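What follows is one structure encoded as structure tokens, with my remarks underneath.
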Amino acid sequence: MIKEKEITLKEIVSHSKEYGFIFPSSEIYDGLQAVYDYGPYGIALKRNLQKLWWDSMIKINQNIVGLDSAILMNPKIWKASGHIDSFHDFMVDNKDSKKRYRVDTLIEAFAEKIIGEGNKDKGHKIIDSMNKLLEQNDLDGLKDLLNKENITCEISKTSNWTNVRAFNLMFETKLGSTEETSESIYLRPETAQGIFVNFLNVQKSAKMQIPFGIAQIGKAFRNEIVARQFIFRMREFEQMEMQFFITPGTEKDWFEHWKDTRIKWHKAIGIQEDRLAIHQHEQLAHYADNAVDIEYKFPFGFRELEGIHSRTDFDLKSHEELSKKKQKFFDTKLNKSYIPYVIETSIGCDRLFLTILSESLTKQNIDDKERTLLKITPELSPIKAAILPLIKKDGLPEMAQKIYDDFKFDFETVLDTNQSIGKRYTKQDLIGTPFCITIDHQSLEDDTITIRYRDSMEQKRIKIDETKGIINENILMKNILMKL
Ligand code: ATP
């Protein structure tokens, strides 16, 4: 009898560290808050996620092309985009516990508790008041709301709050060698602006006609006030963003199109439907006329995994105004020039990584014995096959080496000769390898091997010649792309 138990975030964190997926950054110096490094299996999984996303955008859509813009950009870009003036969170400290909070999350958690206790009207009223105050940048009003509702700190249990302060989330640095000549620049807080400022370069050079998209994968940096929950909220992270340029007036249809396409994508990579949710934004960012989040049920609850935003012509128009460079597109079908509207899909690669780990880390109890495995979709697994000679003599390692040398050109393969076969299976289960290939004395006689399937632990004896084909059938990203 197999029983599976719910996985906690703590278990994901320790599994990630122990089995080479994610390490805290600068660990020997006690780390750096909310910054992480990817280990050998982590980077392999991350690259697979990126490749799948990239191919889903670029390889299978004739009208989407790629870009890799620089992290450092002219600071005027952040003026035009609104990041210098309004990319901030509001923070507040509890004077007794010294704990710092983002004021919106503090108030939201309080309101949700009230709603959970059955007082829906009051809870929603608090959220509405908060949204109005946030919109008006009314810091005193936010503090009054904390006091009026007697919202307390979870540690000190007091409502002894400091004033609410605005905190810009961009990391600032200096460009130039001397104090006098150096200029303030920023590490990009999103990859999207690199796409907007290259809109015409890409359109003209790749001869794109509207509607078309530009996709980019790259690092983004945010000096988050409260960065917790492992790689869910990091200060240095990676985004996978696609801006889709469209004719004004078609934004509603394209918004629905991309929302549906992205949900389909999440299901195609194996995320269970009941762990996905759509959250419609009531309060919209300054650039958007519609927005939804695709949420995933992380071990700490439903949270944003990906954002789909209808960005209007806000960004291109602002860049046109500030740069004084025309950002219009001449539409030959409509015989007119206009600044396109934009639908954006934006997903954090690291949040997707955490989603995959949350979805696949499995602890089973089989007849009172614990078994831990990563049930990662084979197309995404860091290692696809492990070649395991039963013993280290009698020509078995040599035969294993021959198979390894053949397989390695097709997919990620490891050859492992250490420890007992049971321990080697366990090791591969822990890093999510879908297929183990065991070579024994019979293999030498009749050219057969035993293939072991990770999830079912089923073992079958098959011909060596057929093995590569069986593995290839199961690991090709094409399997996922064809579902889209
Ligand atoms: P949140 O509300 O969680 O702060 P956001 O709405 O600010 O997120 P966006 O600006 O829409 O996020 O960024 C797009 C995507 O980038 C998010 O859906 C998320 O997957 C990812 N992302 C944003 N901030 C972080 C972060 N600090 N660490 C990891 N991923 C992030």
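Every chain in the structure tokens has a letter given in the order shown (A, B, ...), and although residue numbers restart at 1 in each chain, ligands are simply numbered from 1 in the order shown.
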
Exercise. Go through the chains and note each residue within 8 Å of ligand 1, using only C-alpha atoms and all ligand atoms, then give the set as a PyMOL selection string.
Key: chain A and resi 190+221-224+227+231-241+293-294+303-308+346-352

Using C-alpha atoms, can you write the selected residues to a file as an mmCIF file, in the first residue's frame?
```
data_model
loop_
_atom_site.group_PDB
_atom_site.id
_atom_site.type_symbol
_atom_site.label_atom_id
_atom_site.label_comp_id
_atom_site.auth_asym_id
_atom_site.auth_seq_id
_atom_site.Cartn_x
_atom_site.Cartn_y
_atom_site.Cartn_z
ATOM 1 C CA GLU A 190 12.314 43.604 -15.015
ATOM 2 C CA PHE A 221 16.926 42.515 -9.427
ATOM 3 C CA ARG A 222 14.617 43.841 -6.728
ATOM 4 C CA ASN A 223 15.588 44.986 -3.271
ATOM 5 C CA GLU A 224 12.532 43.296 -1.750
ATOM 6 C CA ALA A 227 12.195 38.320 1.157
ATOM 7 C CA ILE A 231 13.288 31.098 -4.033
ATOM 8 C CA PHE A 232 9.701 32.398 -4.189
ATOM 9 C CA ARG A 233 10.861 35.945 -3.487
ATOM 10 C CA MET A 234 14.505 36.651 -4.283
ATOM 11 C CA ARG A 235 16.556 39.794 -4.659
ATOM 12 C CA GLU A 236 18.276 38.450 -7.774
ATOM 13 C CA PHE A 237 16.074 36.292 -9.961
ATOM 14 C CA GLU A 238 15.362 35.367 -13.519
ATOM 15 C CA GLN A 239 12.348 36.353 -15.590
ATOM 16 C CA MET A 240 10.949 34.857 -18.766
ATOM 17 C CA GLU A 241 8.906 37.575 -20.417
ATOM 18 C CA ASP A 293 -2.110 36.265 -12.101
ATOM 19 C CA ILE A 294 -1.807 32.556 -12.690
ATOM 20 C CA ARG A 303 0.519 32.651 -4.746
ATOM 21 C CA GLU A 304 1.387 34.357 -8.054
ATOM 22 C CA LEU A 305 3.441 32.262 -10.435
ATOM 23 C CA GLU A 306 2.935 34.223 -13.644
ATOM 24 C CA GLY A 307 1.395 37.571 -14.559
ATOM 25 C CA ILE A 308 -0.532 38.320 -17.759
ATOM 26 C CA SER A 346 5.776 37.305 -17.393
ATOM 27 C CA ILE A 347 6.913 34.347 -15.339
ATOM 28 C CA GLY A 348 9.721 34.031 -12.812
ATOM 29 C CA CYS A 349 11.966 31.132 -13.763
ATOM 30 C CA ASP A 350 12.837 30.536 -10.110
ATOM 31 C CA ARG A 351 9.171 30.539 -9.062
ATOM 32 C CA LEU A 352 8.502 28.028 -11.803
#
```

Quiz prompt | Residue neighbourhood Asp96 of chain A, 12 Å, only C-alpha atoms, exclusion window fewer than 6 positions, as a PyMOL selection string | solution = chain A and resi 152-162

Filtering to N, CA, C and O atoms, could you give me those residues as a PDB file, in the first residue's frame?
```pdb
ATOM      1  N   THR A 152      -1.888  43.948  14.647  1.00  0.00           N
ATOM      2  CA  THR A 152      -0.713  43.757  15.508  1.00  0.00           C
ATOM      3  C   THR A 152       0.379  42.940  14.819  1.00  0.00           C
ATOM      4  O   THR A 152       0.130  42.243  13.835  1.00  0.00           O
ATOM      5  N   CYS A 153       1.566  43.043  15.398  1.00  0.00           N
ATOM      6  CA  CYS A 153       2.723  42.267  14.906  1.00  0.00           C
ATOM      7  C   CYS A 153       2.600  40.839  15.422  1.00  0.00           C
ATOM      8  O   CYS A 153       2.234  40.626  16.582  1.00  0.00           O
ATOM      9  N   GLU A 154       2.925  39.851  14.564  1.00  0.00           N
ATOM     10  CA  GLU A 154       2.740  38.449  14.977  1.00  0.00           C
ATOM     11  C   GLU A 154       3.707  38.043  16.085  1.00  0.00           C
ATOM     12  O   GLU A 154       3.459  37.090  16.815  1.00  0.00           O
ATOM     13  N   ILE A 155       4.810  38.801  16.230  1.00  0.00           N
ATOM     14  CA  ILE A 155       5.788  38.425  17.260  1.00  0.00           C
ATOM     15  C   ILE A 155       5.506  39.141  18.577  1.00  0.00           C
ATOM     16  O   ILE A 155       5.320  38.517  19.619  1.00  0.00           O
ATOM     17  N   SER A 156       5.475  40.491  18.522  1.00  0.00           N
ATOM     18  CA  SER A 156       5.296  41.241  19.780  1.00  0.00           C
ATOM     19  C   SER A 156       3.836  41.307  20.214  1.00  0.00           C
ATOM     20  O   SER A 156       3.539  41.619  21.361  1.00  0.00           O
ATOM     21  N   LYS A 157       2.936  41.062  19.269  1.00  0.00           N
ATOM     22  CA  LYS A 157       1.482  41.164  19.505  1.00  0.00           C
ATOM     23  C   LYS A 157       1.042  42.593  19.826  1.00  0.00           C
ATOM     24  O   LYS A 157      -0.021  42.824  20.377  1.00  0.00           O
ATOM     25  N   THR A 158       1.909  43.586  19.530  1.00  0.00           N
ATOM     26  CA  THR A 158       1.530  44.977  19.789  1.00  0.00           C
ATOM     27  C   THR A 158       1.279  45.698  18.469  1.00  0.00           C
ATOM     28  O   THR A 158       1.688  45.233  17.393  1.00  0.00           O
ATOM     29  N   SER A 159       0.635  46.881  18.562  1.00  0.00           N
ATOM     30  CA  SER A 159       0.460  47.697  17.353  1.00  0.00           C
ATOM     31  C   SER A 159       1.265  48.987  17.494  1.00  0.00           C
ATOM     32  O   SER A 159       0.803  50.069  17.150  1.00  0.00           O
ATOM     33  N   ASN A 160       2.466  48.826  18.010  1.00  0.00           N
ATOM     34  CA  ASN A 160       3.367  49.958  18.209  1.00  0.00           C
ATOM     35  C   ASN A 160       4.199  50.143  16.930  1.00  0.00           C
ATOM     36  O   ASN A 160       5.333  49.684  16.826  1.00  0.00           O
ATOM     37  N   TRP A 161       3.594  50.835  15.927  1.00  0.00           N
ATOM     38  CA  TRP A 161       4.197  50.902  14.592  1.00  0.00           C
ATOM     39  C   TRP A 161       5.003  52.198  14.370  1.00  0.00           C
ATOM     40  O   TRP A 161       4.637  53.244  14.902  1.00  0.00           O
ATOM     41  N   THR A 162       6.037  52.108  13.559  1.00  0.00           N
ATOM     42  CA  THR A 162       6.735  53.323  13.102  1.00  0.00           C
ATOM     43  C   THR A 162       5.855  53.977  12.030  1.00  0.00           C
ATOM     44  O   THR A 162       4.835  53.405  11.637  1.00  0.00           O
TER      45      THR A 162
END
```

Quiz prompt | Which of segment 121-174 of chain A fall in helix (DSSP H, G or I), as a list in words | solution = Asp121, Lys122, Gly123, His124, Lys125, Ile126, Ile127, Asp128, Ser129, Met130, Asn131, Lys132, Leu133, Leu134, Glu135, Leu139, Asp140, Gly141, Leu142, Lys143, Asp144, Leu145, Leu146, Asn147 and Lys148 of chain A

Exercise. Identify which of the residues A:Ile64, A:Leu476, A:Val292, A:Ile376 lies closest to Thr362 of chain A, counting only C-alpha atoms when measuring atom-to-atom distances.
Key: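 Distance minimum relative to Thr362 of chain A lands on A:Ile376.
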
Quiz prompt | Best match for closeness to Ser69 of chain A among A:Leu49, A:Cys436, A:Ala192, A:Ile480, counting only C-alpha atoms | solution =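 Of A:Leu49, A:Cys436, A:Ala192, A:Ile480, the one nearest Ser69 of chain A, counting only C-alpha atoms, is A:Ala192.
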
Quiz item: Smallest atom-to-atom distance to Tyr36 of chain A: which of A:Phe329, A:Tyr19, A:Phe407, A:Phe230, using only C-alpha atoms?
Solution: A:Phe230
